[in-house]
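Text of model-v2.cif (mmCIF, C-alpha atoms (C1' of nucleotides)) as supplied:
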data_protein
#
loop_
_atom_site.label_atom_id
_atom_site.label_comp_id
_atom_site.auth_asym_id
_atom_site.auth_seq_id
_atom_site.Cartn_x
_atom_site.Cartn_y
_atom_site.Cartn_z
CA MET A 1 -1.46 27.73 36.06
CA SER A 2 0.85 25.25 37.73
CA ASP A 3 3.86 23.96 35.88
CA ASP A 4 2.67 20.39 36.10
CA GLN A 5 -0.73 21.11 34.66
CA TYR A 6 0.86 23.09 31.93
CA SER A 7 3.43 20.44 31.03
CA SER A 8 0.70 18.20 29.75
CA TYR A 9 0.01 20.46 26.77
CA SER A 10 2.82 18.92 24.76
CA PHE A 11 1.53 15.46 25.48
CA LEU A 12 -2.02 16.36 24.40
CA LEU A 13 -0.78 18.13 21.33
CA ASP A 14 1.51 15.34 20.23
CA ARG A 15 -1.04 12.63 20.91
CA THR A 16 -3.76 14.38 18.95
CA ALA A 17 -1.57 15.36 16.01
CA LYS A 18 -0.38 11.77 15.80
CA ARG A 19 -3.90 10.40 15.82
CA VAL A 20 -5.12 12.87 13.20
CA LYS A 21 -2.36 11.84 10.85
CA GLN A 22 -2.80 8.17 11.65
CA TYR A 23 -6.54 8.32 11.07
CA ALA A 24 -6.12 10.02 7.71
CA GLN A 25 -3.39 7.60 6.65
CA GLN A 26 -5.56 4.61 7.50
CA ARG A 27 -8.47 5.97 5.44
CA PHE A 28 -6.05 6.77 2.59
CA THR A 29 -4.79 3.19 2.63
CA GLU A 30 -8.25 1.62 3.00
CA LEU A 31 -9.58 3.64 0.09
CA GLY A 32 -6.59 2.82 -2.10
CA PHE A 33 -5.42 6.40 -2.54
CA ASN A 34 -1.87 5.11 -3.05
CA VAL A 35 -0.26 8.19 -1.54
CA THR A 36 0.80 9.00 2.00
CA VAL A 37 -0.63 11.95 3.91
CA ASP A 38 2.55 13.96 3.42
CA GLN A 39 2.66 13.15 -0.28
CA TRP A 40 -0.96 14.29 -0.52
CA ILE A 41 -0.17 17.62 1.11
CA VAL A 42 2.53 18.24 -1.48
CA LEU A 43 0.22 17.30 -4.35
CA LYS A 44 -2.55 19.52 -3.06
CA HIS A 45 -0.30 22.55 -2.76
CA LEU A 46 1.14 21.93 -6.22
CA TYR A 47 -2.39 21.89 -7.58
CA GLU A 48 -3.00 25.32 -6.10
CA HIS A 49 0.45 26.78 -6.78
CA ASP A 50 2.09 24.91 -9.60
CA ASN A 51 5.55 25.59 -10.92
CA MET A 52 7.14 26.24 -7.53
CA LYS A 53 10.79 25.90 -6.64
CA GLN A 54 11.46 23.13 -4.19
CA ASN A 55 12.64 25.44 -1.45
CA GLU A 56 9.59 27.67 -1.81
CA LEU A 57 7.41 24.63 -1.54
CA ALA A 58 9.38 23.37 1.45
CA GLU A 59 8.96 26.66 3.27
CA LEU A 60 5.26 26.78 2.54
CA LEU A 61 4.78 23.29 3.94
CA PHE A 62 7.13 23.67 6.92
CA LYS A 63 9.30 20.85 5.70
CA ASP A 64 13.05 21.01 5.27
CA ASN A 65 14.74 20.57 1.92
CA PRO A 66 15.97 17.01 2.39
CA THR A 67 12.52 15.85 3.46
CA LEU A 68 10.90 17.54 0.49
CA THR A 69 13.51 16.17 -1.91
CA ARG A 70 12.61 12.66 -0.85
CA ILE A 71 8.86 13.22 -1.05
CA ILE A 72 9.26 14.67 -4.55
CA ASP A 73 11.44 11.67 -5.49
CA LEU A 74 8.62 9.34 -4.50
CA LEU A 75 5.97 11.41 -6.28
CA CYS A 76 8.08 11.43 -9.45
CA ASP A 77 8.53 7.65 -9.15
CA LYS A 78 4.74 7.38 -9.01
CA GLY A 79 4.42 9.55 -12.11
CA LEU A 80 2.46 12.26 -10.30
CA THR A 81 5.04 15.07 -10.51
CA VAL A 82 7.99 16.11 -12.65
CA ARG A 83 11.04 18.27 -11.97
CA ASN A 84 11.77 20.89 -14.63
CA VAL A 85 14.87 23.06 -14.73
CA HIS A 86 14.35 26.60 -13.55
CA PRO A 87 14.45 29.07 -16.45
CA THR A 88 16.98 31.43 -14.87
CA ASP A 89 18.62 29.55 -12.00
CA ARG A 90 20.32 26.32 -12.84
CA ARG A 91 20.58 25.37 -9.17
CA SER A 92 16.82 25.09 -8.92
CA PHE A 93 14.08 22.85 -10.11
CA VAL A 94 10.48 23.81 -10.47
CA VAL A 95 8.05 21.06 -9.64
CA ASN A 96 4.91 20.41 -11.66
CA LEU A 97 2.03 17.99 -11.52
CA THR A 98 1.73 15.54 -14.38
CA LYS A 99 -1.66 14.95 -15.99
CA GLU A 100 -1.97 11.94 -13.77
CA GLY A 101 -1.06 14.08 -10.76
CA ILE A 102 -3.77 16.59 -11.64
CA ARG A 103 -6.31 13.82 -12.06
CA LYS A 104 -5.27 12.33 -8.71
CA VAL A 105 -5.78 15.63 -6.87
CA GLU A 106 -9.18 16.19 -8.48
CA GLN A 107 -10.32 12.69 -7.66
CA LEU A 108 -9.17 12.74 -4.06
CA THR A 109 -9.95 16.28 -2.93
CA PRO A 110 -13.58 15.73 -1.88
CA LYS A 111 -12.75 12.39 -0.27
CA VAL A 112 -9.94 13.92 1.77
CA LYS A 113 -12.23 16.72 2.92
CA ALA A 114 -14.73 14.21 4.20
CA ILE A 115 -12.00 12.36 6.07
CA ARG A 116 -10.69 15.56 7.61
CA LEU A 117 -14.12 16.71 8.73
CA LYS A 118 -14.63 13.67 10.93
CA ALA A 119 -12.31 15.09 13.58
CA TRP A 120 -14.36 18.20 14.07
CA GLU A 121 -17.69 16.61 14.99
CA GLY A 122 -19.28 18.34 17.97
CA LEU A 123 -17.04 21.39 17.70
CA SER A 124 -18.08 24.85 16.59
CA GLU A 125 -16.62 27.69 14.63
CA ARG A 126 -16.01 29.43 17.94
CA ASP A 127 -13.97 26.42 19.03
CA PHE A 128 -12.03 26.58 15.81
CA ASN A 129 -11.14 30.23 16.36
CA GLN A 130 -9.98 29.53 19.91
CA PHE A 131 -8.02 26.56 18.69
CA LYS A 132 -6.35 28.60 15.97
CA LYS A 133 -5.50 31.42 18.35
CA ILE A 134 -3.85 29.12 20.86
CA LEU A 135 -1.91 27.09 18.31
CA ASP A 136 -0.67 30.23 16.59
CA THR A 137 0.42 31.70 19.91
CA ILE A 138 2.37 28.57 20.81
CA TYR A 139 3.88 28.46 17.35
CA ASN A 140 5.00 32.07 17.52
CA ASN A 141 6.29 31.77 21.09
CA LEU A 142 8.79 29.19 19.89
CA GLY A 143 9.69 30.86 16.60
CA MET B 1 -18.03 26.31 9.34
CA SER B 2 -17.00 25.80 5.76
CA ASP B 3 -15.09 22.70 4.78
CA ASP B 4 -12.16 24.71 3.55
CA GLN B 5 -11.79 26.70 6.70
CA TYR B 6 -12.06 23.57 8.70
CA SER B 7 -9.52 21.66 6.67
CA SER B 8 -6.77 23.89 7.94
CA TYR B 9 -7.01 22.48 11.46
CA SER B 10 -4.80 19.55 10.59
CA PHE B 11 -2.21 21.85 9.12
CA LEU B 12 -2.17 24.09 12.20
CA LEU B 13 -2.04 21.12 14.51
CA ASP B 14 0.76 19.39 12.68
CA ARG B 15 2.81 22.53 12.27
CA THR B 16 2.56 23.43 15.94
CA ALA B 17 3.21 19.93 17.24
CA LYS B 18 6.27 19.74 15.02
CA ARG B 19 7.62 23.05 16.27
CA VAL B 20 7.01 22.16 19.93
CA LYS B 21 9.00 18.98 19.54
CA GLN B 22 11.71 20.64 17.51
CA TYR B 23 12.09 23.48 20.00
CA ALA B 24 12.41 21.06 22.90
CA GLN B 25 14.89 18.90 21.00
CA GLN B 26 17.05 21.90 20.17
CA ARG B 27 17.17 22.97 23.82
CA PHE B 28 17.91 19.35 24.84
CA THR B 29 20.83 19.26 22.43
CA GLU B 30 22.15 22.71 23.34
CA LEU B 31 22.08 21.91 27.02
CA GLY B 32 23.78 18.57 26.52
CA PHE B 33 20.93 16.43 27.86
CA ASN B 34 22.11 13.57 25.64
CA VAL B 35 18.60 12.14 25.17
CA THR B 36 15.96 12.75 22.53
CA VAL B 37 12.55 14.13 23.43
CA ASP B 38 10.97 10.72 22.99
CA GLN B 39 13.63 9.04 25.07
CA TRP B 40 12.98 11.63 27.77
CA ILE B 41 9.27 10.87 27.78
CA VAL B 42 10.02 7.19 28.37
CA LEU B 43 12.48 7.96 31.16
CA LYS B 44 10.03 10.31 32.86
CA HIS B 45 7.23 7.77 32.82
CA LEU B 46 9.54 5.05 34.11
CA TYR B 47 10.48 7.34 36.98
CA GLU B 48 6.81 7.63 37.90
CA HIS B 49 5.79 4.05 37.13
CA ASP B 50 8.81 1.78 37.29
CA ASN B 51 8.81 -1.90 36.56
CA MET B 52 6.37 -1.77 33.67
CA LYS B 53 6.02 -4.30 30.89
CA GLN B 54 7.03 -2.92 27.52
CA ASN B 55 3.58 -3.21 26.04
CA GLU B 56 1.99 -1.46 29.03
CA LEU B 57 4.50 1.32 28.66
CA ALA B 58 3.90 1.51 24.92
CA GLU B 59 0.14 1.85 25.42
CA LEU B 60 0.57 4.53 28.06
CA LEU B 61 2.80 6.56 25.78
CA PHE B 62 0.81 5.99 22.57
CA LYS B 63 3.75 4.33 20.91
CA ASP B 64 3.70 0.98 19.18
CA ASN B 65 5.79 -1.96 20.27
CA PRO B 66 8.49 -1.77 17.60
CA THR B 67 9.04 1.92 18.31
CA LEU B 68 9.26 1.34 22.02
CA THR B 69 11.60 -1.61 21.56
CA ARG B 70 14.05 0.64 19.76
CA ILE B 71 13.79 3.48 22.25
CA ILE B 72 14.44 1.04 25.08
CA ASP B 73 17.38 -0.40 23.12
CA LEU B 74 18.90 3.07 22.90
CA LEU B 75 18.23 3.84 26.57
CA CYS B 76 19.85 0.54 27.58
CA ASP B 77 22.85 1.33 25.37
CA LYS B 78 23.15 4.63 27.23
CA GLY B 79 23.02 2.83 30.56
CA LEU B 80 19.82 4.57 31.66
CA THR B 81 17.48 1.56 31.70
CA VAL B 82 17.64 -2.22 32.04
CA ARG B 83 15.34 -5.00 30.88
CA ASN B 84 14.51 -7.61 33.51
CA VAL B 85 12.63 -10.83 32.89
CA HIS B 86 9.03 -10.76 34.00
CA PRO B 87 8.54 -12.91 37.11
CA THR B 88 5.60 -14.93 35.76
CA ASP B 89 5.55 -14.39 32.00
CA ARG B 90 8.67 -15.33 30.13
CA ARG B 91 7.47 -13.56 27.00
CA SER B 92 7.70 -10.19 28.72
CA PHE B 93 10.36 -7.88 30.02
CA VAL B 94 9.88 -5.30 32.71
CA VAL B 95 11.84 -2.14 32.22
CA ASN B 96 13.60 -0.33 35.06
CA LEU B 97 15.68 2.78 35.43
CA THR B 98 19.29 2.31 36.43
CA LYS B 99 20.80 4.53 39.14
CA GLU B 100 22.14 6.67 36.37
CA GLY B 101 18.69 6.79 34.80
CA ILE B 102 17.16 7.95 38.06
CA ARG B 103 19.84 10.60 38.44
CA LYS B 104 19.23 11.76 34.88
CA VAL B 105 15.49 12.20 35.44
CA GLU B 106 16.02 14.10 38.67
CA GLN B 107 18.60 16.38 37.09
CA LEU B 108 16.60 17.17 33.98
CA THR B 109 13.03 17.43 35.29
CA PRO B 110 13.13 21.11 36.31
CA LYS B 111 15.04 22.06 33.17
CA VAL B 112 12.52 20.33 30.93
CA LYS B 113 9.67 22.09 32.73
CA ALA B 114 11.25 25.44 32.03
CA ILE B 115 11.67 24.57 28.37
CA ARG B 116 8.07 23.43 28.09
CA LEU B 117 6.69 26.56 29.74
CA LYS B 118 8.11 28.82 27.06
CA ALA B 119 5.36 27.81 24.63
CA TRP B 120 2.62 28.99 26.91
CA GLU B 121 3.64 32.65 27.33
CA GLY B 122 0.69 34.98 26.96
CA LEU B 123 -1.86 32.20 27.39
CA SER B 124 -4.11 31.67 30.38
CA GLU B 125 -5.51 28.78 32.33
CA ARG B 126 -8.80 29.43 30.53
CA ASP B 127 -6.99 29.00 27.22
CA PHE B 128 -5.49 25.77 28.47
CA ASN B 129 -8.88 24.38 29.38
CA GLN B 130 -10.29 25.28 25.96
CA PHE B 131 -7.26 23.80 24.31
CA LYS B 132 -7.57 20.58 26.26
CA LYS B 133 -11.28 20.29 25.51
CA ILE B 134 -10.81 20.69 21.80
CA LEU B 135 -7.84 18.36 21.52
CA ASP B 136 -9.61 15.70 23.57
CA THR B 137 -12.69 16.00 21.38
CA ILE B 138 -10.69 15.57 18.20
CA TYR B 139 -8.80 12.68 19.73
CA ASN B 140 -12.00 10.92 20.74
CA ASN B 141 -13.74 11.62 17.44
CA LEU B 142 -11.08 9.60 15.68
CA GLY B 143 -10.72 6.83 18.29
"C1'" DT C 1 -3.50 -33.60 26.65
"C1'" DA C 2 -2.59 -31.97 22.05
"C1'" DA C 3 -3.50 -28.79 18.61
"C1'" DT C 4 -4.57 -24.22 17.94
"C1'" DA C 5 -4.99 -19.51 18.96
"C1'" DA C 6 -3.37 -15.46 21.21
"C1'" DC C 7 0.23 -12.76 23.04
"C1'" DT C 8 5.16 -10.39 23.72
"C1'" DA C 9 8.91 -8.73 21.92
"C1'" DT C 10 11.87 -8.37 18.07
"C1'" DT C 11 13.39 -7.70 13.22
"C1'" DA C 12 12.84 -5.98 8.51
"C1'" DG C 13 11.19 -2.59 5.21
"C1'" DT C 14 9.34 1.94 3.97
"C1'" DA C 15 8.17 6.82 5.02
"C1'" DT C 16 8.90 11.08 7.52
"C1'" DA C 17 11.90 14.40 10.27
"C1'" DA C 18 16.03 16.79 11.62
"C1'" DC C 19 20.71 17.79 11.06
"C1'" DA C 20 25.29 17.88 8.80
"C1'" DA C 21 28.06 17.72 4.86
"C1'" DC C 22 28.62 18.06 0.01
"C1'" DT C 23 28.22 19.68 -5.16
"C1'" DA C 24 26.95 22.89 -8.27
"C1'" DT C 25 25.56 27.29 -9.02
"C1'" DT C 26 24.76 32.31 -8.18
"C1'" DT C 27 25.56 36.53 -5.71
"C1'" DT C 28 28.36 39.77 -3.30
"C1'" DG C 29 32.09 42.87 -2.39
"C1'" DG C 30 36.67 44.32 -2.79
"C1'" DC D 1 36.46 40.85 -12.60
"C1'" DC D 2 37.46 37.48 -9.12
"C1'" DA D 3 37.54 35.38 -4.61
"C1'" DA D 4 34.48 34.58 -0.96
"C1'" DA D 5 29.94 34.01 0.72
"C1'" DA D 6 25.40 32.53 0.03
"C1'" DT D 7 21.98 29.53 -2.05
"C1'" DA D 8 19.51 25.11 -4.11
"C1'" DG D 9 19.32 20.67 -4.07
"C1'" DT D 10 21.08 16.11 -2.84
"C1'" DT D 11 23.06 12.50 0.05
"C1'" DG D 12 24.16 10.37 4.55
"C1'" DT D 13 23.02 9.39 9.33
"C1'" DT D 14 20.05 8.81 13.23
"C1'" DA D 15 15.44 8.63 15.32
"C1'" DT D 16 10.54 7.80 15.19
"C1'" DA D 17 6.04 5.65 13.04
"C1'" DC D 18 3.66 2.05 10.93
"C1'" DT D 19 3.09 -2.54 8.77
"C1'" DA D 20 4.18 -7.23 8.26
"C1'" DA D 21 6.52 -11.25 9.59
"C1'" DT D 22 8.78 -14.15 13.03
"C1'" DA D 23 10.29 -16.72 17.35
"C1'" DG D 24 9.21 -17.93 21.69
"C1'" DT D 25 5.76 -18.35 25.25
"C1'" DT D 26 1.21 -18.74 27.23
"C1'" DA D 27 -3.78 -19.54 26.96
"C1'" DT D 28 -7.65 -21.87 24.99
"C1'" DT D 29 -10.36 -25.59 23.58
"C1'" DA D 30 -11.50 -29.77 21.25
#
Once you've parsed the file, please lay out its structure as structure tokens.
Amino acid sequence: MSDDQYSSYSFLLDRTAKRVKQYAQQRFTELGFNVTVDQWIVLKHLYEHDNMKQNELAELLFKDNPTLTRIIDLLCDKGLTVRNVHPTDRRSFVVNLTKEGIRKVEQLTPKVKAIRLKAWEGLSERDFNQFKKILDTIYNNLG
Amino acid sequence: MSDDQYSSYSFLLDRTAKRVKQYAQQRFTELGFNVTVDQWIVLKHLYEHDNMKQNELAELLFKDNPTLTRIIDLLCDKGLTVRNVHPTDRRSFVVNLTKEGIRKVEQLTPKVKAIRLKAWEGLSERDFNQFKKILDTIYNNLG
DNA sequence: TAATAACTATTAGTATAACAACTATTTTGG
DNA sequence: CCAAAATAGTTGTTATACTAATAGTTATTA
């Protein structure tokens, strides 16, 4: 493939990732979810793996520590999460959902799924597997 | 495809787009390019389509006006672009590369291509076409 | 033509992202 | 055991993204 043809991959990738996030955020706002897409991702993972250290959570979500610190700050301000001291390492906090945080995740999960599915209309499982293979290859090439 | 399986597309997409940008930015910094990835994209498009109004440029690059205003501010501070008044519409500016801006684009273009190509190792033109088809479909589904 | 609407760019405010620097801890190695 | 290195989290800075608001200009239309 020619260099020029190839160079457009980053443009396509960036454009699409931006629109996917933008679309979700707009639905979130319209529907009064009162969380951002990134805050939602943190909540969802906490629902599935509660009691995680911040740096474990950051690694899982491919976010760096400062970014996660600030997202957790906002979630704590909203009363959806709490920081608890780590039982054996006083440098660390473990992050937990509050009751309200748990309720929020349970309320929003099916709605978020519906929003996410919109993007995939007209595409097949075969497409998904191709898509995954290519994205993983790019990801690993740059790792 | 199941909802859950499907839901991971946005994660894969976001993760990969982030790494592609981050990888490029790290190489840019290492090699002393002295521009960000987004600033580079603006410079490159100005090289190919000079004398554009800011809002035309913003639309072409999928950036909003405030974002583009600030990128242009930074590029002007660096002496790489200038704003000129639009000949017939005093609300608008047209943006042009300076001589230094032109030199910068010509110097960096082959280096940027090499950086971009790294991601695509082990992938074929067939993969690229699949990739493009899927990304375009997602993009249009949400448009 | 005059009032209104639409448009262009900017500014302000909040959120995310990356990096560097810092504090407080814990771990390591001599 | 103690000094040095590593680690966890926070804070600061810069850049980008999105929304809302604003000033200045142009287009519309009553």
Matched chain/residue IDs from the PyMOL selection byres ((chain A) within 9 of (chain D)), as a list of chain:residue names: A:Gln22, A:Gln54, A:Asn55, A:Asn65, A:Pro66, A:Thr69, A:Arg90, A:Arg91, A:Ser92, A:Phe93
Kindly determine which residues of chain C lie within 12 Å of chain B, considering all atoms listed in the file, and give the answer as a list in words.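 Taken together, these residues fit the definition: DC7, DT8, DA9, DT10, DT11, DA12, DT16, DA17, DA18 and DC19 of chain C.
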For a quick check of understanding, using all atoms listed in the file, which of B:Glu56, B:Glu30, B:Asp38, B:Asp77 has the smallest distance to chain A? B:Asp38
Run the PyMOL selection byres ((chain B) within 10 of (chain A)) against the file shown and list the residues it catches, as an MDAnalysis selection string. chainID B and resid 1:24 41 61:63 110 112:128 130:143
Interatomic distance between atom CA of Gln107 of chain A and atom CA of Tyr47 of chain A?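 Separating atom CA of Gln107 of chain A from atom CA of Tyr47 of chain A is a distance of 12.1 Å.
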Top pick for closest residue to Ile102 of chain B, considering B:Thr36, B:Leu68, B:Leu80, B:Asn129 and counting only C-alpha atoms: B:Leu80
Extract segment 6-29 of chain C from the preceding block and save N, CA, C and O atoms (P, O5', C5', C4', C3', O3' and C1' of nucleotides) as a CSV table (one decimal), in the first residue's frame.
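Result saved to decode.csv:
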chain,number,residue,atom,x,y,z
C,6,DA,P,-32.5,32.9,12.4
C,6,DA,O5',-31.1,33.1,11.7
C,6,DA,C5',-31.0,33.3,10.3
C,6,DA,C4',-29.6,33.5,9.9
C,6,DA,C3',-28.7,32.4,10.5
C,6,DA,O3',-27.9,31.9,9.4
C,6,DA,C1',-27.8,34.6,11.0
C,7,DC,P,-26.8,30.8,9.5
C,7,DC,O5',-25.4,31.6,9.6
C,7,DC,C5',-25.1,32.5,8.6
C,7,DC,C4',-23.9,33.3,8.9
C,7,DC,C3',-22.7,32.3,9.4
C,7,DC,O3',-21.6,32.6,8.6
C,7,DC,C1',-23.0,34.2,10.9
C,8,DT,P,-20.2,31.7,8.6
C,8,DT,O5',-19.3,32.7,9.6
C,8,DT,C5',-18.6,33.8,9.0
C,8,DT,C4',-17.6,34.3,10.0
C,8,DT,C3',-16.7,33.2,10.5
C,8,DT,O3',-15.4,33.5,10.2
C,8,DT,C1',-17.7,34.5,12.3
C,9,DA,P,-14.2,32.6,10.5
C,9,DA,O5',-13.7,33.1,12.0
C,9,DA,C5',-13.3,34.4,12.1
C,9,DA,C4',-13.3,34.8,13.6
C,9,DA,C3',-12.4,34.0,14.5
C,9,DA,O3',-11.3,34.8,14.9
C,9,DA,C1',-14.5,34.5,15.5
C,10,DT,P,-10.2,34.2,15.9
C,10,DT,O5',-10.8,34.6,17.3
C,10,DT,C5',-11.1,35.9,17.6
C,10,DT,C4',-11.8,36.0,19.0
C,10,DT,C3',-11.0,35.4,20.2
C,10,DT,O3',-10.7,36.5,21.0
C,10,DT,C1',-13.4,34.9,20.2
C,11,DT,P,-9.7,36.2,22.3
C,11,DT,O5',-10.7,35.9,23.5
C,11,DT,C5',-11.7,36.9,23.8
C,11,DT,C4',-12.6,36.3,24.9
C,11,DT,C3',-11.8,35.6,26.1
C,11,DT,O3',-12.3,36.2,27.3
C,11,DT,C1',-13.6,34.3,25.3
C,12,DA,P,-11.6,35.8,28.7
C,12,DA,O5',-12.7,34.8,29.3
C,12,DA,C5',-14.1,35.2,29.4
C,12,DA,C4',-14.9,34.1,30.0
C,12,DA,C3',-14.1,33.3,31.1
C,12,DA,O3',-15.0,33.0,32.2
C,12,DA,C1',-14.9,31.8,29.5
C,13,DG,P,-14.5,32.3,33.5
C,13,DG,O5',-15.1,30.8,33.4
C,13,DG,C5',-16.5,30.7,33.3
C,13,DG,C4',-16.9,29.2,33.3
C,13,DG,C3',-16.0,28.3,34.2
C,13,DG,O3',-16.9,27.4,34.8
C,13,DG,C1',-15.8,27.6,32.0
C,14,DT,P,-16.2,26.4,36.0
C,14,DT,O5',-16.3,25.0,35.3
C,14,DT,C5',-17.5,24.4,34.8
C,14,DT,C4',-17.2,23.2,34.0
C,14,DT,C3',-16.4,22.1,34.8
C,14,DT,O3',-17.0,20.9,34.7
C,14,DT,C1',-15.5,22.5,32.6
C,15,DA,P,-16.4,19.6,35.5
C,15,DA,O5',-15.8,18.7,34.3
C,15,DA,C5',-16.6,18.3,33.3
C,15,DA,C4',-15.8,17.5,32.3
C,15,DA,C3',-14.8,16.5,32.9
C,15,DA,O3',-15.0,15.2,32.3
C,15,DA,C1',-13.7,17.9,31.4
C,16,DT,P,-14.2,14.0,32.8
C,16,DT,O5',-13.0,13.8,31.7
C,16,DT,C5',-13.4,13.6,30.4
C,16,DT,C4',-12.1,13.7,29.5
C,16,DT,C3',-11.0,12.7,29.9
C,16,DT,O3',-10.6,12.0,28.7
C,16,DT,C1',-10.1,14.9,29.6
C,17,DA,P,-9.5,10.9,28.7
C,17,DA,O5',-8.2,11.7,28.4
C,17,DA,C5',-7.9,12.0,27.1
C,17,DA,C4',-6.4,12.5,27.0
C,17,DA,C3',-5.5,11.5,27.7
C,17,DA,O3',-4.5,11.1,26.8
C,17,DA,C1',-5.1,13.8,28.4
C,18,DA,P,-3.4,10.0,27.2
C,18,DA,O5',-2.1,10.9,27.4
C,18,DA,C5',-1.6,11.7,26.4
C,18,DA,C4',-0.5,12.6,26.9
C,18,DA,C3',0.5,11.9,27.7
C,18,DA,O3',1.8,12.1,27.2
C,18,DA,C1',-0.2,13.8,28.8
C,19,DC,P,3.1,11.2,27.6
C,19,DC,O5',3.9,12.3,28.6
C,19,DC,C5',4.2,13.5,28.0
C,19,DC,C4',4.6,14.5,29.2
C,19,DC,C3',5.6,13.8,30.2
C,19,DC,O3',6.8,14.6,30.1
C,19,DC,C1',3.8,15.0,31.2
C,20,DA,P,8.1,14.0,31.0
C,20,DA,O5',8.3,15.2,32.1
C,20,DA,C5',7.8,16.5,31.8
C,20,DA,C4',7.8,17.3,33.1
C,20,DA,C3',8.8,16.8,34.2
C,20,DA,O3',9.4,18.0,34.8
C,20,DA,C1',6.7,16.7,35.1
C,21,DA,P,10.6,17.8,35.8
C,21,DA,O5',9.9,18.1,37.2
C,21,DA,C5',9.1,19.3,37.3
C,21,DA,C4',8.4,19.3,38.7
C,21,DA,C3',9.3,18.8,39.9
C,21,DA,O3',9.0,19.7,41.0
C,21,DA,C1',7.4,17.5,39.8
C,22,DC,P,10.0,19.7,42.2
C,22,DC,O5',9.1,19.2,43.4
C,22,DC,C5',7.9,19.8,43.7
C,22,DC,C4',7.0,18.9,44.5
C,22,DC,C3',7.7,18.2,45.7
C,22,DC,O3',7.3,18.8,46.9
C,22,DC,C1',6.2,16.7,44.5
C,23,DT,P,7.9,18.3,48.3
C,23,DT,O5',6.8,17.3,48.9
C,23,DT,C5',5.5,17.7,48.8
C,23,DT,C4',4.6,16.6,49.5
C,23,DT,C3',5.3,16.0,50.7
C,23,DT,O3',4.3,15.9,51.8
C,23,DT,C1',4.8,14.3,49.2
C,24,DA,P,4.8,15.4,53.3
C,24,DA,O5',4.3,13.9,53.2
C,24,DA,C5',3.0,13.6,52.7
C,24,DA,C4',2.9,12.1,52.6
C,24,DA,C3',3.5,11.3,53.8
C,24,DA,O3',2.5,10.5,54.3
C,24,DA,C1',4.2,10.5,51.7
C,25,DT,P,2.8,9.3,55.4
C,25,DT,O5',2.5,8.1,54.4
C,25,DT,C5',2.9,6.9,54.8
C,25,DT,C4',3.3,6.1,53.5
C,25,DT,C3',4.0,4.8,53.9
C,25,DT,O3',3.0,3.8,53.8
C,25,DT,C1',5.0,5.9,52.0
C,26,DT,P,3.3,2.4,54.6
C,26,DT,O5',4.2,1.6,53.5
C,26,DT,C5',3.7,1.4,52.2
C,26,DT,C4',4.8,0.9,51.4
C,26,DT,C3',5.5,-0.3,52.0
C,26,DT,O3',5.4,-1.4,51.0
C,26,DT,C1',7.1,1.2,51.1
C,27,DT,P,6.0,-2.8,51.4
C,27,DT,O5',7.3,-2.9,50.4
C,27,DT,C5',7.2,-2.4,49.1
C,27,DT,C4',8.6,-2.4,48.5
C,27,DT,C3',9.4,-3.7,48.8
C,27,DT,O3',10.0,-4.2,47.6
C,27,DT,C1',10.7,-1.7,49.4
C,28,DT,P,10.8,-5.5,47.6
C,28,DT,O5',12.3,-5.0,47.2
C,28,DT,C5',12.5,-3.8,46.6
C,28,DT,C4',13.9,-3.4,46.6
C,28,DT,C3',14.9,-4.5,46.7
C,28,DT,O3',16.0,-4.3,45.8
C,28,DT,C1',15.3,-2.9,48.4
C,29,DG,P,17.1,-5.4,45.4
C,29,DG,O5',18.5,-4.7,45.6
C,29,DG,C5',18.5,-3.5,46.4
C,29,DG,C4',19.8,-3.1,46.9
C,29,DG,C3',20.8,-4.3,47.0
C,29,DG,O3',22.1,-3.7,47.0
C,29,DG,C1',20.1,-3.7,49.1
